[in-house]
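Chemist: Input: one structure, supplied below.
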Amino acid sequence: MPLIKPFAGLRPVPERAEEVVAPPYDVLNSAEARERAAGRPWSFLHISKAEIDLAEDIDPYDPTVYEKSAENLQKMLDEGILIRDEKPCYYVYRLIMDGHSQVGLVAAASVADYDTNRVRKHEFTRPAKEDDRVRQIEALNAQTGPVLLAYKSQADMDAILEETTKQAPLVDETADDGVQHTFWLIDDDANIEKISAGFEAMNAIYIADGHHRSASASRVAKTHVANGGPDDGDQNSDYFLSVIYPHNQMNILDYNRVIKDLNGLSQDEVVAKVKASFTVSEEAEAVRPASATEFGMYMDGQWYRLNINPELVPNDPVASLDVSLLADNLVEPILGIADQRTDTRIDFVGGIRGLGELEKRVDSGEMAIAFSLFPTSMEALMAVADAGEVMPPKSTWFEPKLADGLISHVLD
């Protein structure tokens with residue numbers, strides 16, 4: 001079966017899109033979602049985080065939450081807020097944030113190719129988060145949260161997407177965070193065939209963000225077959241909702257670290273130990289690393305610039321990542337944190353919050369030390385995925401985020 005295919009999308013009628021489009025479900029907690037959806041009865045948060053319409057103390061994973069989500073979806077269908085296209089189409093989704101623009105293809109991506117790693121992964125998933133997305137998909141009979149994918153930029157594919165943006169869009173909305181979301185329809189057969197053929201010629205596409213959503217889609221597809229559904233690989237449930245951008249348009253921000261204590265060491269002792277593996281200089285301003293293998297370190301009101309000794313950078317796609325170099329040469333041997341997935345002494349701060357957030361958390365006494373990192377590159381991510389390896393936790397922070405509610409993929 002093909003790597004990607006067009007689909008009949010479920011989307012808001014253009015004149016109601018502004019009322020519907022919402023932040024992705026996993027960037028807001030329940031209280032934040034309740035506040036964002038207040039006075040907005042058609043916000044997609046009523047579907048993606050339906051606990052906001054139930055008792056404030058309800059468990060977000062309670063079965064009634066998924067039932068409420070399905071009820072809210074049906075209401076939006078009944079009221080004509082959401083419509084479904086009559087024929088399978090592709091769509092183009094442009095994001096603009098702070099002058100950065102990226103133009104991607106909305107498509108249904110193959111579960112079978114996900115299972116065989118042609119849709120390549122770079123993260124582990126957690127069963128509880130997978131279970132949540134499985135229940136949501138099954139309750140709605142639809143995938144509502146797109147997976148962010150990347151393809152190695154190809155001039156012919158890039159050109160089709162860019163040409164589409166010269167047409168009148170279906171939706172053009174600027175969210176309250178300043179991100180512009182613009183959406184076009186590709187329904188002419190010639191371009192649909194060109195796009196399908198172009199992607200079919202690719203060796204692989206890459207998951208950037210959305211490992212739990214893609215893993216849950218794979219589980220749902222297997223369940224459909226186990227329950228007696230067709231096993232021909234061509235059902236809607238055999239594909240998952242995705243937005244695929246050229247790799248050179250993707251925007252990865254730094255993903256920084258803060259740690260609660262110095263592992264029993266003084267500040268001077270930490271600096272002395274760090275000098276065994278890094279060149280260290282004191283800096284008067286916050287340190288934003290200018291390149292890979294450079295780091296910022298902040299303790300007790302003082303910033304330091306760290307550059308790892310070149311001989312410590314291995315020729316390995318995972319071990320050579322900055323997040324690995326920091327972990328293997330400083331965080332574990334000096335600060336005593338061996339497992340960043342489970343150790344409660346470490347926390348992670350997305351670059352969207354700025355270096356001031358690192359200073360704030362250390363200056364408040366909540367944390368003792370902070371580290372700023374250079375953003376992981378898409379080339380590094382793809383190298384890890386091509387090697388069949390897994391990146392360390394919290395290696396990438398993609399911005400801007402895809403919205404929920406612009407498009408959904410119905411499974412019937």
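Chain labels A, B, ... are given in the sequence in which chains occur in the structure tokens; within each chain residues are numbered consecutively from 1, and ligands are likewise numbered from 1 in the order shown.
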Pull the strand (DSSP E or B) assignments for region 80-312 of chain A out of DSSP run on the backbone, and list those residues as a PyMOL selection string.
Modeler: chain A and resi 82-84+89-97+100-110+119-120+142-143+147-151+171-174+180-186+205-209+239-246+252-253+255-259+278-283+294-299+302-308
Chemist: Would you mind listing what lies within 12 Å of Ala37 (chain A) as a VMD selection string, with only C-alpha atoms counted and same-chain residues fewer than 6 positions away left out?
Modeler: chain A and resid 19 to 23 28 30 to 31 43 to 53
Chemist: For the selection just defined, write its residues with C-alpha atoms to a file, as a short mmCIF file (atom, residue, chain, number, x, y, z; two decimals), in the first residue's frame.
Modeler:
```cif
data_model
loop_
_atom_site.label_atom_id
_atom_site.label_comp_id
_atom_site.auth_asym_id
_atom_site.auth_seq_id
_atom_site.Cartn_x
_atom_site.Cartn_y
_atom_site.Cartn_z
CA GLU A 19 -14.08 29.51 16.67
CA VAL A 20 -12.91 25.90 16.31
CA VAL A 21 -9.12 25.91 15.98
CA ALA A 22 -7.36 25.22 19.29
CA PRO A 23 -3.90 24.45 20.69
CA LEU A 28 -2.37 22.44 27.96
CA SER A 30 -7.08 20.59 32.11
CA ALA A 31 -7.27 23.89 34.01
CA SER A 43 -13.49 25.30 20.51
CA PHE A 44 -11.95 21.96 19.57
CA LEU A 45 -10.79 21.70 23.18
CA HIS A 46 -14.31 20.42 23.94
CA ILE A 47 -13.33 17.39 21.85
CA SER A 48 -9.60 17.04 22.50
CA LYS A 49 -9.89 17.71 26.26
CA ALA A 50 -13.53 16.98 27.02
CA GLU A 51 -12.91 16.80 30.76
CA ILE A 52 -13.36 20.59 30.70
CA ASP A 53 -17.11 19.97 30.35
#
```
Chemist: Calculated over only C-alpha atoms, which of the candidates A:Tyr91, A:Trp303, A:Phe183, A:Phe199 has the smallest distance to Val271 (chain A)?
Modeler: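 Of A:Tyr91, A:Trp303, A:Phe183, A:Phe199, the one nearest Val271 (chain A), counting only C-alpha atoms, is A:Trp303.
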Chemist: What's the 12 Å shell around Ala201 (chain A), counting only C-alpha atoms, without same-chain residues fewer than 3 positions away, as a PDB file with N, CA and C atoms, in the first residue's frame?
Modeler:
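File produced: result33.pdb:
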```pdb
ATOM      1  N   PRO A   2       0.344   2.371  -0.476  1.00  0.00           N
ATOM      2  CA  PRO A   2       1.172   3.575  -0.612  1.00  0.00           C
ATOM      3  C   PRO A   2       1.622   4.151   0.726  1.00  0.00           C
ATOM      4  N   LEU A   3       2.745   4.857   0.681  1.00  0.00           N
ATOM      5  CA  LEU A   3       3.290   5.505   1.880  1.00  0.00           C
ATOM      6  C   LEU A   3       2.320   6.540   2.422  1.00  0.00           C
ATOM      7  N   ILE A   4       1.745   7.351   1.535  1.00  0.00           N
ATOM      8  CA  ILE A   4       0.711   8.305   1.943  1.00  0.00           C
ATOM      9  C   ILE A   4      -0.423   8.249   0.939  1.00  0.00           C
ATOM     10  N   ARG A 118       9.509   2.436   7.745  1.00  0.00           N
ATOM     11  CA  ARG A 118       9.661   3.376   6.634  1.00  0.00           C
ATOM     12  C   ARG A 118       9.194   4.766   7.083  1.00  0.00           C
ATOM     13  N   TYR A 151       9.930  15.160   5.539  1.00  0.00           N
ATOM     14  CA  TYR A 151      10.545  14.432   4.425  1.00  0.00           C
ATOM     15  C   TYR A 151      11.790  15.179   4.000  1.00  0.00           C
ATOM     16  N   LYS A 152      12.756  14.444   3.453  1.00  0.00           N
ATOM     17  CA  LYS A 152      13.958  15.087   2.945  1.00  0.00           C
ATOM     18  C   LYS A 152      13.570  15.942   1.753  1.00  0.00           C
ATOM     19  N   GLN A 154      12.595  17.876  -1.365  1.00  0.00           N
ATOM     20  CA  GLN A 154      12.734  17.584  -2.788  1.00  0.00           C
ATOM     21  C   GLN A 154      12.085  18.728  -3.556  1.00  0.00           C
ATOM     22  N   MET A 157       8.406  18.329  -5.007  1.00  0.00           N
ATOM     23  CA  MET A 157       7.346  18.315  -3.998  1.00  0.00           C
ATOM     24  C   MET A 157       7.211  19.684  -3.332  1.00  0.00           C
ATOM     25  N   LYS A 194       0.654  13.426  -8.700  1.00  0.00           N
ATOM     26  CA  LYS A 194       2.066  13.807  -8.603  1.00  0.00           C
ATOM     27  C   LYS A 194       2.572  13.681  -7.176  1.00  0.00           C
ATOM     28  N   ILE A 195       1.787  14.143  -6.232  1.00  0.00           N
ATOM     29  CA  ILE A 195       2.204  14.087  -4.832  1.00  0.00           C
ATOM     30  C   ILE A 195       2.322  12.640  -4.372  1.00  0.00           C
ATOM     31  N   SER A 196       1.317  11.836  -4.685  1.00  0.00           N
ATOM     32  CA  SER A 196       1.350  10.432  -4.260  1.00  0.00           C
ATOM     33  C   SER A 196       2.567   9.721  -4.837  1.00  0.00           C
ATOM     34  N   ALA A 197       2.837   9.954  -6.132  1.00  0.00           N
ATOM     35  CA  ALA A 197       3.981   9.302  -6.771  1.00  0.00           C
ATOM     36  C   ALA A 197       5.297   9.809  -6.203  1.00  0.00           C
ATOM     37  N   GLY A 198       5.363  11.107  -5.938  1.00  0.00           N
ATOM     38  CA  GLY A 198       6.594  11.671  -5.391  1.00  0.00           C
ATOM     39  C   GLY A 198       6.946  11.099  -4.036  1.00  0.00           C
ATOM     40  N   ALA A 204      11.966   7.021   2.934  1.00  0.00           N
ATOM     41  CA  ALA A 204      11.445   7.141   4.296  1.00  0.00           C
ATOM     42  C   ALA A 204      10.912   8.546   4.516  1.00  0.00           C
ATOM     43  N   ILE A 205      10.023   8.662   5.504  1.00  0.00           N
ATOM     44  CA  ILE A 205       9.662   9.938   6.098  1.00  0.00           C
ATOM     45  C   ILE A 205       9.850   9.780   7.603  1.00  0.00           C
TER      46      ILE A 205
END
```
Chemist: Please, what distance in Å, to one decimal, runs between CA of Ser69 (chain A) and CA of Leu402 (chain A)?
Modeler: 20.0 Å
Chemist: Compare A:Glu366, A:Glu269, A:Asp254, A:Asp176 by their minimum atom-to-atom distance to Arg36 (chain A), counting only C-alpha atoms, and give me the closest one.
Modeler: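 The closest residue to Arg36 (chain A) is A:Asp176.
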Chemist: Contacts of Ala168 (chain A) at 12 Å or less, counting only C-alpha atoms, minus same-chain residues fewer than 6 places along, as a list in words?
Modeler: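 Listing them by chain and then by number gives Pro14, Val92, Thr182, Phe183, Trp184, Leu185 and Ile186 of chain A.
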Chemist: Name the residues of region 152-356 of chain A that fall into helix (DSSP H, G or I) according to DSSP on the backbone, using the chain letters and numbers of this document, as a compact mmCIF listing (two decimals) with N, CA and C atoms, in the first residue's frame.
Modeler:
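Just written: part_27.txt:
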```txt
# COMPACT_ATOMS: atom_id res chain seq x y z
N ALA A 155 12.79 19.25 -4.53
CA ALA A 155 12.37 20.47 -5.21
C ALA A 155 10.98 20.33 -5.83
N ASP A 156 10.69 19.18 -6.43
CA ASP A 156 9.40 19.04 -7.12
C ASP A 156 8.24 19.03 -6.13
N MET A 157 8.41 18.33 -5.01
CA MET A 157 7.35 18.32 -4.00
C MET A 157 7.21 19.68 -3.33
N ASP A 158 8.33 20.28 -2.99
CA ASP A 158 8.30 21.60 -2.36
C ASP A 158 7.58 22.60 -3.27
N ALA A 159 7.82 22.50 -4.58
CA ALA A 159 7.25 23.46 -5.52
C ALA A 159 5.73 23.33 -5.60
N ILE A 160 5.23 22.11 -5.57
CA ILE A 160 3.77 21.92 -5.61
C ILE A 160 3.12 22.57 -4.39
N LEU A 161 3.71 22.36 -3.24
CA LEU A 161 3.15 22.93 -2.02
C LEU A 161 3.22 24.45 -2.06
N GLU A 162 4.36 24.97 -2.49
CA GLU A 162 4.52 26.42 -2.52
C GLU A 162 3.56 27.05 -3.53
N GLU A 163 3.37 26.41 -4.66
CA GLU A 163 2.45 26.93 -5.68
C GLU A 163 1.02 26.98 -5.14
N THR A 164 0.66 26.00 -4.35
CA THR A 164 -0.69 25.98 -3.78
C THR A 164 -0.94 27.19 -2.90
N ASP A 189 -6.95 16.14 -9.59
CA ASP A 189 -6.39 14.79 -9.69
C ASP A 189 -4.94 14.78 -10.13
N ALA A 190 -4.56 15.73 -10.98
CA ALA A 190 -3.18 15.72 -11.50
C ALA A 190 -2.18 15.96 -10.37
N ASN A 191 -2.44 16.95 -9.54
CA ASN A 191 -1.52 17.22 -8.43
C ASN A 191 -1.57 16.12 -7.38
N ILE A 192 -2.75 15.57 -7.15
CA ILE A 192 -2.86 14.46 -6.20
C ILE A 192 -1.99 13.29 -6.65
N GLU A 193 -2.04 12.98 -7.95
CA GLU A 193 -1.23 11.88 -8.47
C GLU A 193 0.27 12.19 -8.39
N LYS A 194 0.65 13.43 -8.70
CA LYS A 194 2.07 13.81 -8.60
C LYS A 194 2.57 13.68 -7.18
N ILE A 195 1.79 14.14 -6.23
CA ILE A 195 2.20 14.09 -4.83
C ILE A 195 2.32 12.64 -4.37
N SER A 196 1.32 11.84 -4.68
CA SER A 196 1.35 10.43 -4.26
C SER A 196 2.57 9.72 -4.84
N ALA A 197 2.84 9.95 -6.13
CA ALA A 197 3.98 9.30 -6.77
C ALA A 197 5.30 9.81 -6.20
N GLY A 198 5.36 11.11 -5.94
CA GLY A 198 6.59 11.67 -5.39
C GLY A 198 6.95 11.10 -4.04
N PHE A 199 5.95 10.94 -3.18
CA PHE A 199 6.23 10.37 -1.86
C PHE A 199 6.49 8.87 -1.95
N GLU A 200 5.83 8.19 -2.87
CA GLU A 200 6.06 6.76 -3.00
C GLU A 200 7.49 6.46 -3.40
N HIS A 211 4.88 10.66 18.39
CA HIS A 211 5.13 9.22 18.48
C HIS A 211 3.97 8.47 19.13
N HIS A 212 3.33 9.07 20.13
CA HIS A 212 2.21 8.38 20.78
C HIS A 212 0.99 8.32 19.87
N ARG A 213 0.76 9.36 19.09
CA ARG A 213 -0.38 9.36 18.17
C ARG A 213 -0.19 8.33 17.06
N SER A 214 1.02 8.21 16.54
CA SER A 214 1.26 7.22 15.49
C SER A 214 1.23 5.81 16.06
N ALA A 215 1.79 5.61 17.23
CA ALA A 215 1.75 4.28 17.86
C ALA A 215 0.31 3.86 18.16
N SER A 216 -0.51 4.80 18.61
CA SER A 216 -1.90 4.47 18.91
C SER A 216 -2.66 4.14 17.63
N ALA A 217 -2.35 4.82 16.54
CA ALA A 217 -3.00 4.51 15.27
C ALA A 217 -2.66 3.09 14.83
N SER A 218 -1.43 2.68 15.04
CA SER A 218 -1.03 1.31 14.71
C SER A 218 -1.81 0.29 15.54
N ARG A 219 -1.98 0.59 16.82
CA ARG A 219 -2.75 -0.32 17.68
C ARG A 219 -4.20 -0.40 17.24
N VAL A 220 -4.80 0.73 16.90
CA VAL A 220 -6.20 0.74 16.47
C VAL A 220 -6.37 -0.06 15.18
N ALA A 221 -5.43 0.08 14.25
CA ALA A 221 -5.51 -0.66 12.99
C ALA A 221 -5.49 -2.17 13.25
N LYS A 222 -4.64 -2.60 14.15
CA LYS A 222 -4.56 -4.03 14.47
C LYS A 222 -5.85 -4.51 15.14
N THR A 223 -6.43 -3.67 15.98
CA THR A 223 -7.68 -4.03 16.65
C THR A 223 -8.81 -4.19 15.65
N HIS A 224 -8.87 -3.31 14.65
CA HIS A 224 -9.91 -3.41 13.62
C HIS A 224 -9.83 -4.75 12.91
N VAL A 225 -8.61 -5.17 12.58
CA VAL A 225 -8.45 -6.46 11.91
C VAL A 225 -8.82 -7.60 12.85
N ALA A 226 -8.37 -7.51 14.11
CA ALA A 226 -8.68 -8.56 15.09
C ALA A 226 -10.17 -8.69 15.33
N ASN A 236 -9.35 3.13 5.99
CA ASN A 236 -8.95 4.39 6.61
C ASN A 236 -8.18 4.16 7.90
N SER A 237 -8.55 3.11 8.63
CA SER A 237 -7.88 2.82 9.90
C SER A 237 -6.45 2.34 9.69
N ASP A 238 -6.07 2.04 8.44
CA ASP A 238 -4.70 1.63 8.14
C ASP A 238 -3.79 2.82 7.85
N HIS A 247 12.29 18.84 5.41
CA HIS A 247 13.13 18.83 6.61
C HIS A 247 13.83 20.16 6.82
N ASN A 248 14.15 20.86 5.72
CA ASN A 248 14.90 22.10 5.85
C ASN A 248 14.03 23.30 6.22
N GLN A 249 12.73 23.07 6.38
CA GLN A 249 11.84 24.13 6.87
C GLN A 249 11.47 23.93 8.34
N GLN A 267 29.65 24.86 44.50
CA GLN A 267 29.72 25.43 43.15
C GLN A 267 31.15 25.34 42.61
N ASP A 268 32.13 25.65 43.43
CA ASP A 268 33.52 25.58 42.98
C ASP A 268 33.91 24.15 42.62
N GLU A 269 33.43 23.18 43.38
CA GLU A 269 33.74 21.78 43.08
C GLU A 269 33.11 21.36 41.75
N VAL A 270 31.90 21.80 41.50
CA VAL A 270 31.26 21.48 40.22
C VAL A 270 32.09 22.04 39.07
N VAL A 271 32.47 23.32 39.17
CA VAL A 271 33.24 23.95 38.10
C VAL A 271 34.57 23.21 37.89
N ALA A 272 35.22 22.83 38.98
CA ALA A 272 36.50 22.13 38.86
C ALA A 272 36.33 20.79 38.15
N LYS A 273 35.27 20.06 38.48
CA LYS A 273 35.04 18.77 37.84
C LYS A 273 34.67 18.94 36.36
N VAL A 274 33.88 19.97 36.07
CA VAL A 274 33.48 20.22 34.68
C VAL A 274 34.71 20.50 33.81
N PRO A 310 37.12 18.24 22.10
CA PRO A 310 36.75 17.57 20.85
C PRO A 310 36.94 16.07 20.86
N GLU A 311 37.96 15.60 21.58
CA GLU A 311 38.21 14.15 21.58
C GLU A 311 37.11 13.37 22.30
N LEU A 312 36.23 14.06 23.02
CA LEU A 312 35.14 13.39 23.72
C LEU A 312 33.88 13.27 22.87
N ASP A 322 24.24 16.71 21.37
CA ASP A 322 24.59 17.57 22.51
C ASP A 322 23.92 17.10 23.80
N VAL A 323 22.67 16.63 23.70
CA VAL A 323 21.99 16.15 24.90
C VAL A 323 22.72 14.95 25.49
N SER A 324 23.30 14.11 24.62
CA SER A 324 24.07 12.96 25.10
C SER A 324 25.42 13.38 25.66
N LEU A 325 26.09 14.31 24.98
CA LEU A 325 27.39 14.77 25.47
C LEU A 325 27.27 15.39 26.85
N LEU A 326 26.22 16.18 27.06
CA LEU A 326 26.02 16.79 28.38
C LEU A 326 25.71 15.72 29.42
N ALA A 327 24.85 14.77 29.06
CA ALA A 327 24.49 13.71 30.00
C ALA A 327 25.68 12.83 30.35
N ASP A 328 26.44 12.42 29.35
CA ASP A 328 27.50 11.43 29.55
C ASP A 328 28.75 12.02 30.20
N ASN A 329 28.96 13.33 30.04
CA ASN A 329 30.20 13.93 30.54
C ASN A 329 29.99 14.88 31.71
N LEU A 330 28.74 15.14 32.08
CA LEU A 330 28.51 16.08 33.17
C LEU A 330 27.34 15.68 34.06
N VAL A 331 26.16 15.54 33.47
CA VAL A 331 24.96 15.32 34.27
C VAL A 331 25.04 14.01 35.05
N GLY A 351 12.76 25.66 24.73
CA GLY A 351 13.39 26.91 24.36
C GLY A 351 12.43 28.05 24.12
N ILE A 352 11.15 27.75 23.88
CA ILE A 352 10.16 28.79 23.67
C ILE A 352 10.04 29.69 24.91
N ARG A 353 10.45 29.17 26.07
CA ARG A 353 10.35 29.95 27.31
C ARG A 353 11.54 30.88 27.52
N LEU A 355 15.88 31.88 27.92
CA LEU A 355 16.88 31.63 28.95
C LEU A 355 16.51 32.26 30.28
N GLY A 356 15.65 33.27 30.23
CA GLY A 356 15.20 33.89 31.48
C GLY A 356 14.47 32.91 32.38
```
Chemist: Give me the residues near region 285-297 of chain A as a PDB file with N, CA and C atoms, in the first residue's frame, where near means some atom within 6 Å (using only C-alpha atoms) and where sequence neighbours in that chain fewer than 4 positions away do not count.
Modeler:
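Produced file part.pdb, reproduced below:
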```
ATOM      1  N   TRP A 303      26.718  32.852  34.958  1.00  0.00           N
ATOM      2  CA  TRP A 303      26.707  32.048  33.740  1.00  0.00           C
ATOM      3  C   TRP A 303      28.137  31.635  33.368  1.00  0.00           C
ATOM      4  N   TYR A 304      28.239  30.437  32.819  1.00  0.00           N
ATOM      5  CA  TYR A 304      29.499  29.904  32.308  1.00  0.00           C
ATOM      6  C   TYR A 304      29.266  29.403  30.886  1.00  0.00           C
ATOM      7  N   ARG A 305      30.278  29.560  30.046  1.00  0.00           N
ATOM      8  CA  ARG A 305      30.255  28.971  28.710  1.00  0.00           C
ATOM      9  C   ARG A 305      31.131  27.722  28.727  1.00  0.00           C
ATOM     10  N   LEU A 306      30.559  26.606  28.282  1.00  0.00           N
ATOM     11  CA  LEU A 306      31.281  25.337  28.266  1.00  0.00           C
ATOM     12  C   LEU A 306      31.460  24.869  26.828  1.00  0.00           C
ATOM     13  N   ASN A 307      32.649  24.430  26.485  1.00  0.00           N
ATOM     14  CA  ASN A 307      32.925  23.793  25.193  1.00  0.00           C
ATOM     15  C   ASN A 307      33.575  22.449  25.460  1.00  0.00           C
ATOM     16  N   ILE A 308      32.919  21.402  25.003  1.00  0.00           N
ATOM     17  CA  ILE A 308      33.431  20.068  25.302  1.00  0.00           C
ATOM     18  C   ILE A 308      34.722  19.812  24.532  1.00  0.00           C
ATOM     19  N   ASP A 322      24.241  16.715  21.373  1.00  0.00           N
ATOM     20  CA  ASP A 322      24.585  17.571  22.514  1.00  0.00           C
ATOM     21  C   ASP A 322      23.922  17.098  23.804  1.00  0.00           C
ATOM     22  N   ALA A 370      21.383  25.150  35.990  1.00  0.00           N
ATOM     23  CA  ALA A 370      20.673  25.068  34.713  1.00  0.00           C
ATOM     24  C   ALA A 370      21.677  24.971  33.580  1.00  0.00           C
ATOM     25  N   PHE A 371      21.240  24.346  32.486  1.00  0.00           N
ATOM     26  CA  PHE A 371      22.082  24.203  31.304  1.00  0.00           C
ATOM     27  C   PHE A 371      21.287  24.618  30.067  1.00  0.00           C
ATOM     28  N   SER A 372      21.893  25.462  29.237  1.00  0.00           N
ATOM     29  CA  SER A 372      21.322  25.812  27.937  1.00  0.00           C
ATOM     30  C   SER A 372      22.051  25.034  26.857  1.00  0.00           C
ATOM     31  N   LEU A 373      21.306  24.587  25.847  1.00  0.00           N
ATOM     32  CA  LEU A 373      21.860  23.733  24.790  1.00  0.00           C
ATOM     33  C   LEU A 373      21.598  24.342  23.426  1.00  0.00           C
ATOM     34  N   PHE A 374      22.401  23.953  22.469  1.00  0.00           N
ATOM     35  CA  PHE A 374      22.170  24.299  21.072  1.00  0.00           C
ATOM     36  C   PHE A 374      21.089  23.374  20.528  1.00  0.00           C
TER      37      PHE A 374
END
```
Chemist: Of the candidates A:Val103, A:Ala284, A:Val243, A:Val349, which shows the shortest atom-to-atom distance to Ala403 (chain A), using only C-alpha atoms?
Modeler: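 Using only C-alpha atoms, the shortest distance to Ala403 (chain A) belongs to A:Val243.
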Chemist: Pick the closest to Ser377 (chain A) from A:Gly354, A:Gly145, A:Pro393, A:Pro317: which is it, counting only C-alpha atoms?
Modeler: A:Pro317
Chemist: Quick check, in Å to one decimal: how far apart do CA of Pro127 (chain A) and CA of Glu35 (chain A) lie?
Modeler: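 Value for the CA of Pro127 (chain A)-CA of Glu35 (chain A) distance: 28.5 Å.
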Chemist: Mind checking which residues fall within 8 Å of Gly210 (chain A), counting only C-alpha atoms, ignoring those fewer than 5 positions away in the same chain, and posting them as a short mmCIF file (atom, residue, chain, number, x, y, z; two decimals) with N, CA and C atoms, in the first residue's frame?
Modeler:
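Written output follows (selection.cif):
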```cif
data_model
loop_
_atom_site.label_atom_id
_atom_site.label_comp_id
_atom_site.auth_asym_id
_atom_site.auth_seq_id
_atom_site.Cartn_x
_atom_site.Cartn_y
_atom_site.Cartn_z
N PRO A 146 -2.97 15.64 14.50
CA PRO A 146 -2.02 15.23 13.46
C PRO A 146 -0.64 14.93 14.00
N VAL A 147 0.01 13.97 13.37
CA VAL A 147 1.42 13.66 13.66
C VAL A 147 2.27 14.58 12.79
N LEU A 148 3.29 15.19 13.40
CA LEU A 148 4.21 16.06 12.67
C LEU A 148 5.31 15.20 12.07
#
```
Chemist: Would you kindly return, as a count of residues only, each protein, DNA or RNA residue with an atom no farther than 10 Å from any atom of Val384 (chain A), considering only C-alpha atoms and excluding same-chain residues fewer than 4 positions away?
Modeler: 16
Chemist: Work out how far CA of Ala276 (chain A) is from CA of Lys260 (chain A), in Å to one decimal.
Modeler: 22.5 Å
Chemist: Select, from A:Arg16, A:Asp231, A:Ala107, A:Leu140, the residue with the minimum atom-to-atom distance to Gln74 (chain A), counting only C-alpha atoms.
Modeler: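 Comparing A:Arg16, A:Asp231, A:Ala107, A:Leu140 against Gln74 (chain A), the winner is A:Leu140.
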